[in-house]
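*Asks:* Dropping a structure here in structure tokens format, bear with me for questions.
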Amino acid sequence: MLATADLWRSPYIGLVIAKVEPLTTARALRGPFDYLMGDGLIADGVGVGSVLVVPFGPRRMLGVVVATAETSELDPERLAEPIEALEADVPAELVRLGLWVAQEYVSTPARGLALVLPPGTGTGNGRRTKARKSLAASLTPAGRAAIEDGTRLGSRQRTGLEALLDGPLRVSDLARISGCDHASVRRLEKRGLLSVERTVEAPRRPQVRRVGARGTVGALTADQRAAVAEIVARLPRTAPPTAAPDPILLHGVTGSGKTEVYLRAVDEVLERGQTAIVLVPEIGLTPQTAGRFVERFGDTVAVLHSQLTTRERYDEWARLRGGDARVAVGPRSAVFAPLENVGLIVVDEEHDGSYKQEGDPRYDARTVAQRRAGECGALLLVGSATPRPESVLRYDRVRLPQRVDGRPLPPVELVGMAGVKGPLHQRTRDALEQVRRAGEKAIVLLNRRGWSNFLTCGDCGRVWECPNCDVTLVLHKSAGRVSCHHCGHRERVPDSCPDCGSVSLARHGVGTEQLGVELERLMDPLPVFRLDADTATRGGAAEALERFEAAEGGVLVGTQMVAKGHDFPDVTLGVVLDADSTLRFPDFRSEERTFALVAQLAGRSGRGGSEGRVVVQALDPAAPALRFAAGHDADGFLDVELTRREALSYPPYGSLIRVICSSEQPAPAKAAADALLGLIRAAEIPALGPAPLFRLKGRERFQLVVKATDRAAAIVAVRTAVEATVADRSLGPVKYAVDVDPQ
């Protein structure tokens with residue numbers, strides 16, 4: 001007896017079935033779903049990576065073709081056909097990568113695939129970004145003859161035809177130049193004097209600001225030459241490569257010329273006819289790196305980042321997809337650039353936490369880059385002056401131990417703040433005074449924005465707190481508000497206490513806003529520039545850096561943004577305030593973050609002809625992470641840190657997965673967390689919790705932490721548990737946030 005599926009297949013030999021993942025965020029949905037491809041879609045080349053509009057129940061929905069087949073487990077007569085195919089397609093390699101991200105980071109296929117879709121694709125059946133098209137007018141032979149033989153024409157018509165003598169123009173530009181409006185163009189077209197056709201406009205390139213020391217193509221140092229030789233030797237030579245080469249960690253001190261090594265490696269890749277991806281931290285804070293690639297390779301480079309408009313991002317995406325651009329530069333999302341034949345993936349400043357995505361799926365672009373390089377046979381090249389312990393353990397290390405100018409790293413002075421009143425130690429004040437007198441430049445880092453941390457009433461003790469989150473509100477004096485840095489809630493700065501009526505309100509703590517005002521007083525007449533999340537609006541970060549660069553002297557004050565790879569050769573002083581504050585966080589990475597922050601800021605000083613120095617303020621200046629940073633001893637720090645992590649089975653010797661259950665009331669979230677804990681432990685995976693977290697955005701939260709040496713088994717156990725818990729409707733309305741490798 002034939003199986004039911006066999007009975008269905010026999011009359012339908014030669015059909016094409018599209019397996020489609022609908023772009024819906026529902027965790028309970030299980031795809032892909034089968035759709036019957038019509039002859040028109042087949043003729044249009046619809047296949048894996050195509051984006052379709054499909055009927056889904058009573059709705060229309062976007063979906064991505066993840067596979068095709070000749071048979072279906074369902075009766076083909078019952079299968080619906082897609083409604084239409086969009087002018088968008090994704091390389092099959094990226095479809096696989098998006099689905100892998102969904103699996104690896106315990107998300108949904110739709111969310112994973114959304115990462116690789118063209119910008120502006122959207123969801124459902126809403127408005128979508130498409131290639132920009134316009135009407136273009138061209139002069140016909142009859143039109144040229146009409147100009148020459150004096151054929152009767154209106155003045156605007158004749159001017160319009162004459163404007164086309166040098167070549168086609170957009171109809172809108174023709175009207176602007178000659179006054180020949182759309183109605184006149186239509187009349188000329190009817191007379192056969194010009195032709196009008198709809199064409200795809202050339203993409204509009206986003207502006208890349210150039211900040212910091214200008215890159216010059218000079219002689220490489222011996223260390224740079226050795227690094228380039230090692231990298232070039234590992235670049236894939238076959239197309240497609242048979243296997244991915246072993247990744248390389250470029251461990252170079254600040255100012256050692258890592259960017260020039262990247263540029264030489266990308267140049268070699270392009271010479272071989274391949275493509276490259278270059279990942280940088282937040283693009284608005286690292287315009288110098290992006291600028292150097294555009295300067296070196298011109299239109300071959302496409303820049304992808306969130307500060308572009310949707311249209312600009314789409315145009316850059318389309319240039320990469322069409323092969324007009326062969327190098328993608330951008331922050332974490334650029335790892336999904338639609339390039340084919342990728343030979344090199346670079347991750348600059350690989351220690352930076354901004355490579356971790358905060359929203360679902362919470363992917364780590366460094367891990368995704370390693371996966372993509374492995375799948376396409378490309379070389380993964382990561383670089384930093386303060387590399388992560390994970391990279392040091394896993395990758396082959398190539399060193400750049402000296403600065404390109406041969407100058408030593410600046411001396412670092414650690415000063416204790418115990419008993420010191422005010423934000424600045426006297427040694428810091430003295431160093432800043434030297435900068436002021438000499439008219440030089442300094443960078444001051446305080447990793448806390450706003451004016452003050454919180455407000456209290458001096459009489460009744462009231463603390464101003466966020467109504468949506470269990471945190472205090474931060475005072476922003478210039479904006480006249482107190483705000484929550486978690487949910488964005490804002491209130492006017494109070495004149496008096498609403499509980500007791502007292503006007504005795506106390507401000508506690510110092511942020512970059514207050515520090516900036518203090519520095520303006522101390523450094524007058526030198527200008528003070530502030531760079532933090534409050535000032536770094538669209539283009540604001542690059543603008544602040546440009547003004548600081550252009551000034552003859554001055555101070556750049558801000559949060560960790562000021563330590564992100566900037567190269568200003570005339571900075572002679574670096575200052576870090578409250579340097580050990582991160583050591584007080586309950587996080588096993590706190591030592592690593594503290595070391596990296598201080599070492600990176602220290603590297604901004606003394607890059608030019610003048611001597612540099614660094615002053616680091618801390619409550620405990622004897623903390624090991626600070627002492628290693630002050631000695632520029634990355635190897636010593638990494639040895640101690642790896643030993644500690646191995647003893648405690650922390651990454652890279654183990655894996656962590658964090659699961660947060662949230663609901664408007666605490667009971668459903670707690671019940672869901674308890675259910676998850678039981679299912680995970682039943683799979684013999686160790687888990688801690690559930691533990692309550694502070695209320696965030698009006699939702700009560702409970703978290704579990706999985707700590708396991710078998711990463712793959714832990715991910716499977718968590719995914720299975722989450723899917724089972726989501727399907728249990730008795731638990732009520734609960735949201736689940738899964739964070740693999742939480743940062």
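Just so we're on the same page: first chain in the structure tokens is A, next is B, and so on; residues restart at 1 for each chain, and ligands are numbered from 1 in the order they show up.
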Please provide as number ranges by chain all residues within 12 Å of Cys460 in chain A, with the sequence filter that same-chain residues fewer than 6 positions apart are discarded (counting only C-alpha atoms).

*Replies:* A: 496-506

*Asks:* Store the residues picked out above in a file with C-alpha atoms, as an mmCIF file, in the first residue's frame.

*Replies:*
data_model
loop_
_atom_site.group_PDB
_atom_site.id
_atom_site.type_symbol
_atom_site.label_atom_id
_atom_site.label_comp_id
_atom_site.auth_asym_id
_atom_site.auth_seq_id
_atom_site.Cartn_x
_atom_site.Cartn_y
_atom_site.Cartn_z
ATOM 1 C CA SER A 496 10.656 71.431 45.920
ATOM 2 C CA CYS A 497 9.903 68.057 47.460
ATOM 3 C CA PRO A 498 6.339 66.901 46.668
ATOM 4 C CA ASP A 499 6.220 64.950 49.947
ATOM 5 C CA CYS A 500 7.253 67.574 52.502
ATOM 6 C CA GLY A 501 7.511 70.791 50.496
ATOM 7 C CA SER A 502 11.167 71.346 51.338
ATOM 8 C CA VAL A 503 13.354 73.208 48.857
ATOM 9 C CA SER A 504 16.500 71.625 50.317
ATOM 10 C CA LEU A 505 17.299 69.256 47.456
ATOM 11 C CA ALA A 506 20.693 67.544 47.347
#

*Asks:* To one decimal place, how far is CA of Val185 in chain A from CA of Leu169 in chain A in Å?

*Replies:*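 Computed distance, CA of Val185 in chain A to CA of Leu169 in chain A, equals 11.7 Å.
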
*Asks:* Write out as JSON, numbers by chain each polymer residue whose atoms come within 7 Å of Val66 in chain A, counting only C-alpha atoms; drop sequence neighbours fewer than 5 positions from it.

*Replies:* {"A": [19, 20, 21, 48, 49, 95]}

*Asks:* Just to be explicit: take each residue in the selection above, keep N, CA and C atoms, and write the result as a tab-separated table (two decimals), in the first residue's frame.

*Replies:*
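Wrote it out as selection25.tsv, contents follow:
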chain	number	residue	atom	x	y	z
A	19	LYS	N	9.69	26.35	0.33
A	19	LYS	CA	9.56	26.29	1.78
A	19	LYS	C	9.86	27.68	2.33
A	20	VAL	N	8.85	28.31	2.90
A	20	VAL	CA	8.88	29.72	3.24
A	20	VAL	C	8.79	29.91	4.75
A	21	GLU	N	9.71	30.73	5.29
A	21	GLU	CA	9.62	31.16	6.69
A	21	GLU	C	8.92	32.51	6.71
A	48	VAL	N	15.94	30.02	-3.27
A	48	VAL	CA	16.40	30.27	-1.91
A	48	VAL	C	16.91	31.69	-1.78
A	49	GLY	N	16.41	32.43	-0.79
A	49	GLY	CA	16.78	33.82	-0.58
A	49	GLY	C	15.79	34.81	-1.15
A	95	VAL	N	21.11	33.28	3.98
A	95	VAL	CA	19.91	32.61	4.51
A	95	VAL	C	20.33	31.56	5.53

*Asks:* When DSSP is applied to the backbone of this structure, which of range 348-504 of chain A are assigned alpha helix (DSSP H)? Write them out as a count of residues only.

*Replies:* 31

*Asks:* Hey, can you check how far CA of Asn453 in chain A sits from CA of Val659 in chain A?

*Replies:*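 Atom-to-atom, CA of Asn453 in chain A to CA of Val659 in chain A, that is 29.1 Å.
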
*Asks:* Find the residues near Pro22 in chain A: any atom within 8 Å, counting only C-alpha atoms, skip ones fewer than 4 places away on the same chain, and give them as a PDB file with C-alpha atoms, in the first residue's frame.

*Replies:*
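Wrote part00.pdb, looks like this:
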ATOM      1  CA  GLY A  31       7.865  26.848  10.031  1.00  0.00           C
ATOM      2  CA  PRO A  32       8.781  26.656   7.253  1.00  0.00           C
ATOM      3  CA  PHE A  33       5.505  26.376   5.345  1.00  0.00           C
ATOM      4  CA  MET A  61       2.730  38.345   5.022  1.00  0.00           C
ATOM      5  CA  LEU A  62       6.318  38.595   3.889  1.00  0.00           C
ATOM      6  CA  GLY A  63       8.304  35.398   3.861  1.00  0.00           C
ATOM      7  CA  VAL A  64      11.748  34.199   2.839  1.00  0.00           C
ATOM      8  CA  ALA A 110      12.002  35.214  11.301  1.00  0.00           C
TER       9      ALA A 110
END

*Asks:* What's the separation between CA of Val435 in chain A and CA of Phe548 in chain A, in Å to one decimal place?

*Replies:*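 Distance between the two atoms: 14.6 Å.
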
*Asks:* Please provide the set of residues having any atom within 7 Å of Asp348 in chain A, restricted to only C-alpha atoms, with same-chain residues fewer than 2 positions apart removed, written as a list in words.

*Replies:*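 Near Asp348 in chain A, the qualifying residues are Leu279, Val280, Val346, Glu350, Val382, Gly383 and Ser384 of chain A.
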
*Asks:* Which residues are close to Asp532 in chain A, i.e. within 7 Å by only C-alpha atoms, leaving aside same-chain residues fewer than 5 positions away? Reply as number ranges by chain.

*Replies:* A: 449, 558-559, 561

*Asks:* Those residues you just picked out, can you put them in a file as a compact mmCIF listing (two decimals), in the first residue's frame with C-alpha atoms?

*Replies:*
# COMPACT_ATOMS: atom_id res chain seq x y z
CA ARG A 449 26.81 60.93 31.95
CA GLY A 558 33.14 62.20 27.91
CA THR A 559 32.20 58.63 28.67
CA MET A 561 33.17 57.01 23.80

*Asks:* Do you know which residues are at most 12 Å from Asp430 in chain A counting only C-alpha atoms, after dropping those on the same chain fewer than 3 positions away, and could you put them as JSON, numbers by chain?

*Replies:* {"A": [424, 425, 426, 427, 433, 434, 435, 436, 437, 522, 523, 573, 575, 615]}

*Asks:* Point out the residue among A:Pro624, A:Pro569, A:Gly323, A:Gly353 with the least atom-to-atom distance to Leu339 in chain A, counting only C-alpha atoms.

*Replies:*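 Checking each candidate against Leu339 in chain A, we get A:Gly323 as the closest.
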
*Asks:* With distances taken over only C-alpha atoms, which of A:Arg176, A:Val705, A:Tyr35, A:Gly458 is nearest to His508 in chain A?

*Replies:*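 Result for the nearest residue to His508 in chain A: A:Gly458.
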
*Asks:* Which one is closest to Gly612 in chain A: A:Pro652, A:Pro410, A:Gly322, A:Gly377? Count only C-alpha atoms.

*Replies:*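 So, comparing all the options, the nearest one is A:Pro410.
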
*Asks:* Point out the residue among A:Gly160, A:Arg264, A:Glu104, A:Glu312 with the least atom-to-atom distance to Ala713 in chain A, counting only C-alpha atoms.

*Replies:*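 Result for the nearest residue to Ala713 in chain A: A:Glu104.
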
*Asks:* Using only C-alpha atoms for the distances, tell me which of A:Ala629, A:Leu545, A:Leu526, A:Leu235 is nearest to Val576 in chain A.

*Replies:* A:Ala629
